[in-house]
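query.txt (compact mmCIF, C-alpha atoms and all ligand atoms) appears below.
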# COMPACT_ATOMS: atom_id res chain seq x y z
CA MET A 1 27.31 -54.16 74.39
CA THR A 2 23.55 -53.79 74.08
CA GLN A 3 22.98 -57.52 73.72
CA ARG A 4 19.54 -58.24 75.08
CA GLN A 5 19.60 -60.37 78.16
CA PRO A 6 16.33 -61.11 79.84
CA THR A 7 16.22 -58.77 82.79
CA ARG A 8 15.62 -60.08 86.26
CA ARG A 9 12.30 -58.27 86.27
CA LEU A 10 11.25 -59.98 83.03
CA VAL A 11 12.20 -63.39 84.37
CA LEU A 12 10.26 -62.71 87.53
CA SER A 13 7.21 -61.49 85.69
CA ARG A 14 7.32 -64.52 83.38
CA SER A 15 7.31 -66.91 86.29
CA ALA A 16 4.60 -64.84 87.94
CA ALA A 17 2.55 -65.23 84.77
CA ALA A 18 3.15 -68.98 84.87
CA ILE A 19 2.00 -69.11 88.45
CA GLY A 20 -1.01 -66.97 87.59
CA ALA A 21 -1.88 -69.25 84.70
CA ALA A 22 -1.40 -72.27 86.93
CA SER A 23 -3.75 -70.85 89.51
CA THR A 24 -6.45 -70.46 86.89
CA GLY A 25 -5.76 -73.99 85.72
CA LEU A 26 -4.60 -72.92 82.22
CA LEU A 27 -0.98 -73.98 81.93
CA LEU A 28 0.49 -76.30 84.48
CA PRO A 29 -2.08 -79.11 84.41
CA GLU A 30 -0.91 -79.95 80.85
CA ILE A 31 2.72 -80.01 81.94
CA VAL A 32 1.88 -82.12 84.97
CA ARG A 33 -0.14 -84.56 82.92
CA ALA A 34 2.71 -84.91 80.50
CA GLN A 35 5.07 -85.71 83.37
CA SER A 36 2.88 -88.23 85.09
CA ASN A 37 -0.12 -90.17 84.03
CA LYS A 38 -1.23 -90.75 87.59
CA VAL A 39 -4.44 -89.35 89.02
CA ARG A 40 -3.47 -87.02 91.85
CA VAL A 41 -5.67 -87.38 94.92
CA GLY A 42 -5.15 -85.15 97.97
CA PHE A 43 -6.42 -85.91 101.46
CA MET A 44 -7.07 -82.82 103.53
CA LEU A 45 -8.14 -84.30 106.85
CA PRO A 46 -7.51 -83.93 110.59
CA TYR A 47 -4.64 -86.22 111.62
CA THR A 48 -4.15 -84.48 114.99
CA GLY A 49 -6.57 -83.17 117.64
CA THR A 50 -10.01 -84.32 118.76
CA PHE A 51 -10.98 -85.47 115.22
CA ALA A 52 -7.70 -87.28 114.42
CA GLN A 53 -9.23 -90.75 114.42
CA LEU A 54 -11.99 -89.53 112.08
CA GLY A 55 -9.40 -88.50 109.50
CA VAL A 56 -7.67 -91.86 109.68
CA ALA A 57 -10.96 -93.77 109.29
CA ILE A 58 -11.92 -91.68 106.24
CA GLU A 59 -8.55 -92.22 104.55
CA ASN A 60 -8.71 -95.96 105.30
CA GLY A 61 -12.21 -96.22 103.86
CA PHE A 62 -11.23 -94.35 100.70
CA ARG A 63 -8.16 -96.53 100.19
CA LEU A 64 -10.21 -99.70 100.70
CA ALA A 65 -12.58 -98.70 97.88
CA LEU A 66 -9.61 -98.10 95.57
CA ASN A 67 -7.92 -101.35 96.62
CA GLU A 68 -11.01 -103.14 95.35
CA GLN A 69 -10.20 -101.66 91.91
CA GLY A 70 -6.60 -102.84 92.01
CA GLY A 71 -5.65 -99.39 93.28
CA LYS A 72 -6.71 -97.69 90.04
CA LEU A 73 -9.15 -95.00 88.96
CA GLY A 74 -10.63 -95.48 85.52
CA GLY A 75 -7.59 -97.62 84.65
CA ARG A 76 -5.01 -95.08 85.86
CA GLU A 77 -2.58 -95.36 88.75
CA VAL A 78 -3.19 -93.04 91.68
CA GLU A 79 -0.75 -90.84 93.56
CA PHE A 80 -1.72 -89.60 97.02
CA PHE A 81 -0.91 -86.34 98.79
CA LYS A 82 -1.73 -85.51 102.42
CA VAL A 83 -2.25 -82.41 104.53
CA ASP A 84 -3.16 -82.42 108.23
CA ASP A 85 -5.80 -79.68 108.56
CA GLU A 86 -5.77 -79.91 112.38
CA SER A 87 -9.51 -79.03 112.37
CA GLU A 88 -8.23 -75.44 112.30
CA PRO A 89 -10.57 -73.15 110.30
CA SER A 90 -8.10 -70.24 110.17
CA LYS A 91 -5.71 -72.38 108.11
CA GLY A 92 -8.41 -73.83 105.83
CA ILE A 93 -7.67 -71.84 102.68
CA GLU A 94 -3.90 -72.11 103.06
CA ASN A 95 -4.05 -75.87 103.58
CA ALA A 96 -6.40 -76.42 100.66
CA ASN A 97 -4.02 -74.43 98.45
CA LYS A 98 -1.12 -76.67 99.47
CA LEU A 99 -2.95 -79.47 97.70
CA VAL A 100 -4.47 -77.49 94.85
CA GLN A 101 -1.66 -75.04 93.96
CA ARG A 102 1.46 -76.82 95.18
CA ASP A 103 0.60 -80.48 94.64
CA LYS A 104 -1.76 -79.88 91.70
CA VAL A 105 -4.23 -82.51 92.81
CA ASP A 106 -7.05 -83.53 90.47
CA VAL A 107 -9.31 -84.40 93.40
CA LEU A 108 -9.33 -83.03 96.94
CA VAL A 109 -10.88 -85.38 99.53
CA GLY A 110 -11.75 -83.34 102.63
CA THR A 111 -12.70 -82.59 105.25
CA VAL A 112 -14.20 -83.36 108.67
CA HIS A 113 -14.68 -79.96 110.38
CA SER A 114 -17.41 -77.64 109.07
CA GLY A 115 -15.36 -74.46 109.61
CA VAL A 116 -12.37 -75.87 107.73
CA GLN A 117 -14.69 -76.96 104.91
CA MET A 118 -15.60 -73.30 104.35
CA GLY A 119 -11.97 -72.71 103.35
CA ILE A 120 -11.94 -75.72 101.04
CA GLN A 121 -15.25 -74.58 99.55
CA ARG A 122 -13.73 -71.24 98.60
CA VAL A 123 -10.66 -72.83 97.00
CA ALA A 124 -12.81 -75.42 95.21
CA ARG A 125 -15.13 -72.76 93.82
CA GLU A 126 -12.22 -70.62 92.64
CA SER A 127 -10.04 -73.38 91.18
CA GLY A 128 -12.73 -75.77 89.91
CA VAL A 129 -10.89 -78.72 91.48
CA ILE A 130 -13.11 -81.73 92.23
CA ASN A 131 -13.85 -81.76 95.97
CA LEU A 132 -15.37 -84.79 97.69
CA ILE A 133 -16.54 -83.98 101.22
CA PRO A 134 -16.28 -87.19 103.26
CA ASN A 135 -17.76 -85.72 106.45
CA ALA A 136 -18.15 -81.97 107.14
CA GLY A 137 -21.88 -81.28 107.25
CA VAL A 138 -21.86 -77.49 106.93
CA HIS A 139 -25.13 -76.50 105.26
CA ALA A 140 -23.63 -73.85 102.96
CA ALA A 141 -21.55 -76.47 101.11
CA THR A 142 -24.67 -77.92 99.48
CA ARG A 143 -26.94 -74.90 99.85
CA GLN A 144 -26.00 -71.30 99.03
CA LEU A 145 -22.33 -72.07 98.28
CA CYS A 146 -22.98 -75.29 96.36
CA ALA A 147 -20.84 -75.87 93.26
CA PRO A 148 -20.87 -78.33 90.34
CA ASN A 149 -17.41 -79.63 91.33
CA VAL A 150 -18.24 -80.19 95.03
CA PHE A 151 -19.92 -83.44 96.14
CA ARG A 152 -20.73 -84.54 99.68
CA THR A 153 -20.86 -88.26 100.50
CA SER A 154 -21.74 -87.89 104.18
CA PHE A 155 -24.71 -85.81 105.45
CA SER A 156 -25.76 -82.24 106.07
CA ASN A 157 -25.48 -81.18 109.71
CA SER A 158 -29.23 -81.10 110.33
CA GLN A 159 -29.96 -84.45 108.62
CA PRO A 160 -29.23 -86.89 111.49
CA THR A 161 -30.90 -84.70 114.14
CA ARG A 162 -34.02 -84.30 112.03
CA ALA A 163 -34.67 -87.95 112.85
CA LEU A 164 -34.42 -87.48 116.64
CA GLY A 165 -37.73 -85.78 117.46
CA GLN A 166 -40.18 -88.58 116.76
CA PRO A 167 -38.51 -91.48 118.58
CA MET A 168 -37.89 -89.25 121.60
CA MET A 169 -41.51 -88.17 121.77
CA GLN A 170 -42.74 -91.73 121.20
CA ARG A 171 -40.96 -92.46 124.50
CA LYS A 172 -42.70 -89.50 126.15
CA LEU A 173 -39.50 -87.54 126.64
CA ASN A 174 -41.40 -84.26 126.59
CA LYS A 175 -38.79 -81.82 127.92
CA ALA A 176 -35.19 -81.83 126.71
CA VAL A 177 -31.93 -79.98 127.23
CA TRP A 178 -29.71 -79.57 124.17
CA ILE A 179 -25.92 -79.42 124.54
CA THR A 180 -23.17 -79.06 121.93
CA TRP A 181 -19.98 -77.36 120.79
CA LYS A 182 -20.54 -73.79 119.63
CA TYR A 183 -19.64 -73.86 115.94
CA ALA A 184 -21.39 -74.51 112.62
CA ALA A 185 -21.82 -78.27 113.11
CA GLY A 186 -23.33 -77.86 116.60
CA ASP A 187 -25.56 -74.94 115.59
CA GLU A 188 -26.86 -76.68 112.48
CA ALA A 189 -27.37 -80.01 114.29
CA PHE A 190 -29.49 -78.01 116.73
CA GLU A 191 -31.62 -76.69 113.85
CA GLY A 192 -32.54 -80.26 112.87
CA PHE A 193 -33.24 -81.26 116.46
CA LYS A 194 -35.36 -78.20 117.18
CA GLU A 195 -37.41 -78.64 114.03
CA SER A 196 -38.17 -82.33 114.54
CA TYR A 197 -38.59 -82.32 118.32
CA THR A 198 -40.87 -79.29 118.52
CA ALA A 199 -42.90 -80.54 115.52
CA ALA A 200 -43.44 -83.80 117.45
CA GLY A 201 -44.66 -81.79 120.47
CA GLY A 202 -41.48 -81.59 122.57
CA THR A 203 -40.20 -78.56 124.52
CA ILE A 204 -36.55 -77.55 124.61
CA ILE A 205 -36.04 -76.09 128.05
CA LYS A 206 -32.40 -75.05 127.67
CA GLU A 207 -29.66 -74.81 125.04
CA LEU A 208 -26.16 -75.27 126.44
CA ASN A 209 -22.85 -75.00 124.65
CA LEU A 210 -19.11 -74.66 124.96
CA PRO A 211 -16.42 -73.63 122.48
CA PHE A 212 -14.97 -76.28 120.10
CA PRO A 213 -12.99 -78.42 121.03
CA ASN A 214 -13.34 -77.70 124.77
CA VAL A 215 -14.11 -80.75 126.96
CA GLU A 216 -14.64 -79.10 130.36
CA PHE A 217 -18.21 -80.39 130.71
CA GLN A 218 -18.52 -80.37 134.51
CA ALA A 219 -20.36 -77.07 135.09
CA LEU A 220 -22.81 -77.80 132.29
CA LEU A 221 -23.53 -81.31 133.63
CA THR A 222 -24.25 -79.79 137.06
CA GLU A 223 -26.69 -77.42 135.37
CA ILE A 224 -28.41 -80.33 133.58
CA ALA A 225 -28.83 -82.17 136.88
CA ALA A 226 -30.54 -79.09 138.36
CA LEU A 227 -32.82 -78.63 135.31
CA LYS A 228 -34.09 -82.26 135.54
CA PRO A 229 -35.18 -82.63 131.88
CA ASP A 230 -36.80 -85.85 130.59
CA ALA A 231 -33.81 -86.29 128.24
CA VAL A 232 -30.61 -84.69 127.02
CA ALA A 233 -29.89 -84.43 123.28
CA CYS A 234 -26.49 -83.45 121.91
CA PHE A 235 -23.94 -83.23 119.13
CA PHE A 236 -20.37 -84.26 119.97
CA ALA A 237 -17.86 -86.33 118.01
CA GLY A 238 -14.43 -87.93 118.22
CA GLY A 239 -12.33 -87.73 121.37
CA GLY A 240 -14.65 -85.09 122.85
CA ALA A 241 -17.65 -87.41 122.47
CA ALA A 242 -15.93 -90.22 124.39
CA LYS A 243 -15.17 -87.82 127.23
CA PHE A 244 -18.71 -86.41 127.26
CA ILE A 245 -20.22 -89.89 127.59
CA ARG A 246 -17.84 -90.78 130.44
CA ASP A 247 -18.37 -87.47 132.25
CA TYR A 248 -22.17 -87.81 131.88
CA ALA A 249 -22.05 -91.14 133.71
CA ALA A 250 -19.51 -89.91 136.27
CA ALA A 251 -21.82 -86.96 137.08
CA GLY A 252 -24.49 -89.51 138.02
CA LEU A 253 -26.81 -88.65 135.10
CA LYS A 254 -26.66 -92.02 133.33
CA GLY A 255 -29.74 -94.09 134.19
CA ARG A 256 -31.53 -90.99 135.48
CA ILE A 257 -31.76 -88.79 132.38
CA PRO A 258 -31.66 -90.65 129.05
CA LEU A 259 -28.86 -89.46 126.76
CA TRP A 260 -29.68 -89.01 123.05
CA GLY A 261 -27.72 -87.54 120.20
CA SER A 262 -26.86 -87.53 116.55
CA GLY A 263 -25.04 -90.82 116.10
CA PHE A 264 -21.56 -89.29 115.85
CA LEU A 265 -21.69 -89.33 119.65
CA THR A 266 -21.12 -93.09 119.67
CA GLU A 267 -19.01 -93.56 116.50
CA GLY A 268 -15.47 -94.81 116.89
CA VAL A 269 -15.54 -94.16 120.65
CA LEU A 270 -17.17 -97.24 122.15
CA GLU A 271 -13.90 -98.74 123.41
CA ALA A 272 -12.81 -95.42 124.91
CA ALA A 273 -16.21 -94.65 126.43
CA GLY A 274 -16.61 -98.14 127.95
CA PRO A 275 -19.72 -99.08 129.98
CA ALA A 276 -20.79 -95.42 130.22
CA ALA A 277 -21.96 -95.65 126.59
CA GLU A 278 -24.35 -98.58 127.07
CA GLY A 279 -27.95 -97.54 126.40
CA VAL A 280 -27.15 -94.24 124.65
CA MET A 281 -29.74 -93.65 121.89
CA THR A 282 -28.85 -92.00 118.59
CA THR A 283 -29.94 -91.45 115.00
CA LEU A 284 -27.52 -91.75 112.08
CA HIS A 285 -27.22 -92.86 108.45
CA TYR A 286 -25.22 -95.95 109.46
CA SER A 287 -25.16 -98.67 112.08
CA ASP A 288 -22.48 -101.28 112.79
CA SER A 289 -25.12 -103.97 113.10
CA LEU A 290 -26.86 -103.50 109.74
CA ASN A 291 -27.10 -107.15 108.84
CA THR A 292 -26.78 -106.94 105.07
CA PRO A 293 -24.30 -108.84 102.90
CA ARG A 294 -22.92 -105.47 101.78
CA ASN A 295 -22.23 -104.19 105.29
CA ASN A 296 -20.95 -107.53 106.56
CA LYS A 297 -18.45 -107.83 103.72
CA PHE A 298 -17.31 -104.22 104.17
CA ARG A 299 -16.80 -104.70 107.91
CA LEU A 300 -14.84 -107.88 107.42
CA ASP A 301 -12.61 -106.44 104.67
CA TYR A 302 -11.96 -103.25 106.64
CA ALA A 303 -11.12 -105.14 109.84
CA LYS A 304 -8.77 -107.48 107.97
CA THR A 305 -7.00 -104.65 106.14
CA PHE A 306 -6.61 -102.13 108.94
CA LYS A 307 -6.84 -104.29 112.10
CA MET A 308 -9.56 -102.07 113.52
CA GLN A 309 -13.34 -101.81 113.35
CA PRO A 310 -14.93 -99.43 110.84
CA ASP A 311 -17.33 -96.67 111.86
CA VAL A 312 -19.48 -94.14 110.01
CA TYR A 313 -16.39 -92.12 109.03
CA ALA A 314 -14.83 -95.17 107.40
CA VAL A 315 -18.08 -95.71 105.49
CA GLN A 316 -18.15 -92.09 104.32
CA GLY A 317 -14.53 -92.32 103.12
CA TYR A 318 -15.31 -95.60 101.38
CA ASP A 319 -18.33 -94.03 99.68
CA SER A 320 -16.21 -91.07 98.49
CA GLY A 321 -14.01 -93.69 96.84
CA LEU A 322 -17.03 -95.47 95.30
CA LEU A 323 -18.35 -92.17 93.92
CA LEU A 324 -15.03 -91.22 92.34
CA ILE A 325 -14.62 -94.72 90.90
CA GLN A 326 -18.01 -94.46 89.19
CA GLY A 327 -17.09 -91.04 87.78
CA ALA A 328 -13.60 -92.10 86.68
CA ASN A 329 -14.88 -95.26 85.00
CA ALA A 330 -17.48 -93.26 83.08
CA VAL A 331 -14.74 -91.02 81.59
CA LYS A 332 -12.24 -93.92 81.26
CA GLY A 333 -9.79 -92.19 83.55
CA ASP A 334 -9.95 -88.81 81.82
CA ILE A 335 -10.56 -86.90 85.06
CA ALA A 336 -9.88 -83.63 83.22
CA ASN A 337 -13.15 -84.14 81.34
CA LYS A 338 -15.03 -82.47 84.17
CA PRO A 339 -18.47 -82.04 82.57
CA ALA A 340 -18.71 -85.80 81.89
CA LEU A 341 -17.15 -86.72 85.24
CA ILE A 342 -19.59 -84.48 87.13
CA LYS A 343 -22.57 -85.80 85.16
CA ALA A 344 -21.63 -89.39 85.99
CA MET A 345 -21.20 -88.59 89.69
CA GLU A 346 -24.51 -86.71 89.80
CA GLY A 347 -26.30 -89.74 88.42
CA ALA A 348 -24.51 -92.30 90.57
CA THR A 349 -26.25 -94.71 92.90
CA ILE A 350 -23.84 -95.60 95.69
CA ASP A 351 -24.05 -99.21 96.87
CA SER A 352 -22.90 -98.28 100.36
CA PRO A 353 -22.51 -100.35 103.53
CA ARG A 354 -25.12 -97.94 104.95
CA GLY A 355 -27.63 -98.94 102.21
CA LYS A 356 -28.00 -97.61 98.66
CA TRP A 357 -28.15 -93.84 98.30
CA THR A 358 -28.31 -91.24 95.53
CA MET A 359 -27.15 -87.63 95.15
CA SER A 360 -29.62 -84.78 95.60
CA PRO A 361 -29.56 -82.00 92.97
CA SER A 362 -27.38 -79.97 95.37
CA HIS A 363 -24.88 -82.91 95.72
CA ASN A 364 -25.79 -84.24 99.18
CA PRO A 365 -26.88 -87.84 99.94
CA ILE A 366 -30.56 -88.76 100.01
CA GLN A 367 -30.49 -91.46 102.66
CA ASP A 368 -32.22 -93.35 105.47
CA MET A 369 -31.59 -92.47 109.11
CA TYR A 370 -31.43 -95.36 111.56
CA LEU A 371 -32.44 -95.39 115.21
CA ARG A 372 -29.65 -97.04 117.23
CA VAL A 373 -28.80 -97.99 120.77
CA VAL A 374 -25.40 -98.90 122.20
CA GLU A 375 -25.44 -102.53 123.32
CA ASN A 376 -22.34 -104.56 124.15
CA LYS A 377 -20.02 -101.97 122.64
CA GLU A 378 -21.92 -101.93 119.37
CA ASN A 379 -24.32 -99.47 117.71
CA LYS A 380 -27.30 -101.78 117.35
CA VAL A 381 -29.96 -100.81 114.83
CA LEU A 382 -33.52 -100.60 116.16
CA GLY A 383 -35.19 -99.47 112.94
CA VAL A 384 -35.39 -96.73 110.33
CA ALA A 385 -36.14 -93.38 111.99
CA ALA A 386 -36.47 -91.40 108.74
CA LYS A 387 -36.73 -92.79 105.22
CA ALA A 388 -34.93 -91.28 102.19
CA LEU A 389 -34.19 -88.03 103.99
CA ALA A 390 -32.92 -85.22 101.75
CA ASP A 391 -31.41 -81.88 102.67
CA SER A 392 -33.41 -78.89 101.42
CA GLY A 393 -30.53 -77.56 99.31
CA ALA A 394 -32.03 -74.12 99.95
CA GLY A 395 -30.33 -71.38 97.94
CA CYS A 396 -28.25 -73.74 95.80
CA ARG A 397 -27.85 -72.62 92.19
CA MET A 398 -25.41 -74.69 90.17
CA GLY A 399 -23.37 -73.29 87.35
C1 LIG B 401 -18.48 -81.07 111.31
O1 LIG B 401 -17.72 -80.22 111.80
O2 LIG B 401 -19.17 -80.83 110.29
C2 LIG B 401 -18.59 -82.41 111.92
C3 LIG B 401 -17.52 -82.95 112.62
C4 LIG B 401 -17.61 -84.23 113.17
C5 LIG B 401 -18.76 -84.96 113.01
C6 LIG B 401 -19.84 -84.43 112.29
C7 LIG B 401 -19.75 -83.15 111.76
O3 LIG B 401 -18.86 -86.18 113.49
Please, can you express the file's structure as structure tokens?
Ligand code: PHB
Amino acid sequence: MTQRQPTRRLVLSRSAAAIGAASTGLLLPEIVRAQSNKVRVGFMLPYTGTFAQLGVAIENGFRLALNEQGGKLGGREVEFFKVDDESEPSKGIENANKLVQRDKVDVLVGTVHSGVQMGIQRVARESGVINLIPNAGVHAATRQLCAPNVFRTSFSNSQPTRALGQPMMQRKLNKAVWITWKYAAGDEAFEGFKESYTAAGGTIIKELNLPFPNVEFQALLTEIAALKPDAVACFFAGGGAAKFIRDYAAAGLKGRIPLWGSGFLTEGVLEAAGPAAEGVMTTLHYSDSLNTPRNNKFRLDYAKTFKMQPDVYAVQGYDSGLLLIQGANAVKGDIANKPALIKAMEGATIDSPRGKWTMSPSHNPIQDMYLRVVENKENKVLGVAAKALADSGAGCRMG
């Protein structure tokens, strides 16, 4: 009569304990590893919205790097998981947890949007999961919120724009208007522009912005025409960038007021922007026309595999793959050996299509910035605008 059956409450609390243990990484990883010897890689990227094509390029680039290893990481097969983050910051934590808690990924590759990255950053710091950032430039990720398990293979938001000031002032563009989307990436890109342009003697006569991902540029373009600056500098990317370039020309500003920007403005959009993009000047850590064996081979392989041209996002995804490959090879596939994996990735030199680069102590690339101009639907390199540029890493304390 008094035979002891586990009560419903006990069962519930046991499974709650299991979930709790799983969330701290204590129990389930062993079970998962026993079930499958595959390395679990999760993509958390935008597959819809204004940054959709950026997400696709990053995933393609990452897969290309792995294909070159026979699809393996440190000798182990790889299983992929995917979440569309929609570039929606309010869902950042929830989406990251789909990969970390539900899918139990070993490595989270993401993301593009700086606001969404803040959610990933929190989950990565709490769970200890390896996070490779293949784009989002938000300063905090490699400054005050840096973490041993988080590595960025792209740039910090102020890096590309810190190369803009000098070439603009060399061309006597003394007065500029700045325009961008109002969110972390736009604000931090402005920091880099302001610092370099004012240090070179330039004056910023107006800062204009609109909410992300709004593309109603008309009123702001009318204002620019009235202000008559020597140049306009900006941060836009993806579908919004293509529309900005077209609207700038349609408003009659092209040819009258030179358009400059961080190079995302002209990445992956040259078909869509058409002739309006010709002559746009930018600075970035990559250029289509870098005539090196490394870049030429990458471009050919990418085009053959995916039937489209690579851009900076493809390169950043590819480099995330190269970084993880170096780490995984160093630990012979034992991704769970995080101290050794992290040490190998910290010491890696990435032989990138953009040129070789290394990791700063706060896990952000130290890299050259190129000056580029759009010519015949290509980002043509004019020279190096800033050599071995590192982010400050201000406030980063590892460990
Ligand atoms: C960002 O939100 O950090 C971001 C997005 C797109 C870019 C660059 C930066 O091209």
To one decimal place in Å, what is the distance between CA of Gly75 in chain A and CA of Gln326 in chain A?
11.8 Å
Per-residue nearest contacts of range 21-139 of chain A to range 296-312 of chain A (8 Å; all atoms listed in the file) as a tab-separated table:
residue	atom	partner	partner_atom	distance
A:Ala57	CA	A:Pro310	CA	7.1
A:Asn60	CA	A:Phe306	CA	7.5
A:Gly61	CA	A:Tyr302	CA	7.6
A:Leu64	CA	A:Tyr302	CA	7.1
Using all atoms listed in the file, tabulate the residues of chain A lying at most 7 Å from any atom of ligand LIG 401 (chain B), each with its closest atom pair and that distance in Å to one decimal, by chain and increasing residue number, as JSON lines.
{"residue": "A:Val112", "atom": "CA", "partner": "B:LIG401", "partner_atom": "C3", "distance": 5.2}
{"residue": "A:His113", "atom": "CA", "partner": "B:LIG401", "partner_atom": "O1", "distance": 3.4}
{"residue": "A:Ser114", "atom": "CA", "partner": "B:LIG401", "partner_atom": "O1", "distance": 3.8}
{"residue": "A:Gly115", "atom": "CA", "partner": "B:LIG401", "partner_atom": "O1", "distance": 6.6}
{"residue": "A:Asn135", "atom": "CA", "partner": "B:LIG401", "partner_atom": "C7", "distance": 6.2}
{"residue": "A:Ala136", "atom": "CA", "partner": "B:LIG401", "partner_atom": "O2", "distance": 3.5}
{"residue": "A:Gly137", "atom": "CA", "partner": "B:LIG401", "partner_atom": "O2", "distance": 4.1}
{"residue": "A:Val138", "atom": "CA", "partner": "B:LIG401", "partner_atom": "O2", "distance": 5.4}
{"residue": "A:Asn157", "atom": "CA", "partner": "B:LIG401", "partner_atom": "O2", "distance": 6.3}
{"residue": "A:Ala184", "atom": "CA", "partner": "B:LIG401", "partner_atom": "O1", "distance": 6.8}
{"residue": "A:Ala185", "atom": "CA", "partner": "B:LIG401", "partner_atom": "O2", "distance": 4.6}
{"residue": "A:Phe236", "atom": "CA", "partner": "B:LIG401", "partner_atom": "O3", "distance": 6.9}
{"residue": "A:Ala237", "atom": "CA", "partner": "B:LIG401", "partner_atom": "O3", "distance": 4.6}
{"residue": "A:Gly238", "atom": "CA", "partner": "B:LIG401", "partner_atom": "O3", "distance": 6.7}
{"residue": "A:Phe264", "atom": "CA", "partner": "B:LIG401", "partner_atom": "O3", "distance": 4.7}
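Around Glu79 in chain A, within 10 Å and counting only C-alpha atoms, the residues found are Ser36, Asn37, Lys38, Val39, Arg40, Val41, Gly42, Gly71, Lys72 and Val105 of chain A, once anything fewer than 5 positions away on its own chain is removed.
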Using C-alpha atoms, can you export the residues from the last selection as an mmCIF file, in the frame of the given file?
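Dumped everything to again.cif:
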data_model
loop_
_atom_site.group_PDB
_atom_site.id
_atom_site.type_symbol
_atom_site.label_atom_id
_atom_site.label_comp_id
_atom_site.auth_asym_id
_atom_site.auth_seq_id
_atom_site.Cartn_x
_atom_site.Cartn_y
_atom_site.Cartn_z
ATOM 1 C CA SER A 36 2.880 -88.230 85.090
ATOM 2 C CA ASN A 37 -0.120 -90.170 84.030
ATOM 3 C CA LYS A 38 -1.230 -90.750 87.590
ATOM 4 C CA VAL A 39 -4.440 -89.350 89.020
ATOM 5 C CA ARG A 40 -3.470 -87.020 91.850
ATOM 6 C CA VAL A 41 -5.670 -87.380 94.920
ATOM 7 C CA GLY A 42 -5.150 -85.150 97.970
ATOM 8 C CA GLY A 71 -5.650 -99.390 93.280
ATOM 9 C CA LYS A 72 -6.710 -97.690 90.040
ATOM 10 C CA VAL A 105 -4.230 -82.510 92.810
#
Find the spatial neighbours of range 285-293 of chain A, counting only C-alpha atoms, within a cut-off of 9 Å - ignore same-chain residues fewer than 4 positions away - and output them as a PyMOL selection string.
chain A and resi 154-155+159-160+263+297-299+310-312+315+353-355+367-372+378-381
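Of the residues under consideration (A:Lys194, A:Lys377, A:Lys228, A:Lys172), A:Lys377 shows the shortest atom-to-atom contact distance to Leu270 in chain A when counting all atoms listed in the file.
Minimum distance to Ala199 in chain A across A:Gly261, A:Gly317, A:Gly327, A:Gly165 (counting all atoms listed in the file) occurs at A:Gly165.
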Box centre and edge lengths (Å, one decimal), axis-aligned, range 55-66 of chain A plus 3 Å each side, as lines of an AutoDock Vina configuration file:
center_x = -10.1
center_y = -94.1
center_z = 102.6
size_x = 10.9
size_y = 17.2
size_z = 20.1
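Checking A:Leu54, A:Val109, A:Leu45, A:Val150 one by one against Pro89 in chain A, counting all atoms listed in the file, you find the shortest gap at A:Leu45.
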Do a neighbour search on range 212-224 of chain A at 8 Å with only C-alpha atoms, toss out local chain neighbours closer than 4 positions, and write the hits as a list of chain:residue names.
A:Thr50, A:Val177, A:Trp181, A:Lys182, A:Tyr183, A:Leu208, A:Lys228, A:Pro229, A:Gly240, A:Lys243, A:Phe244, A:Asp247, A:Tyr248, A:Ala251
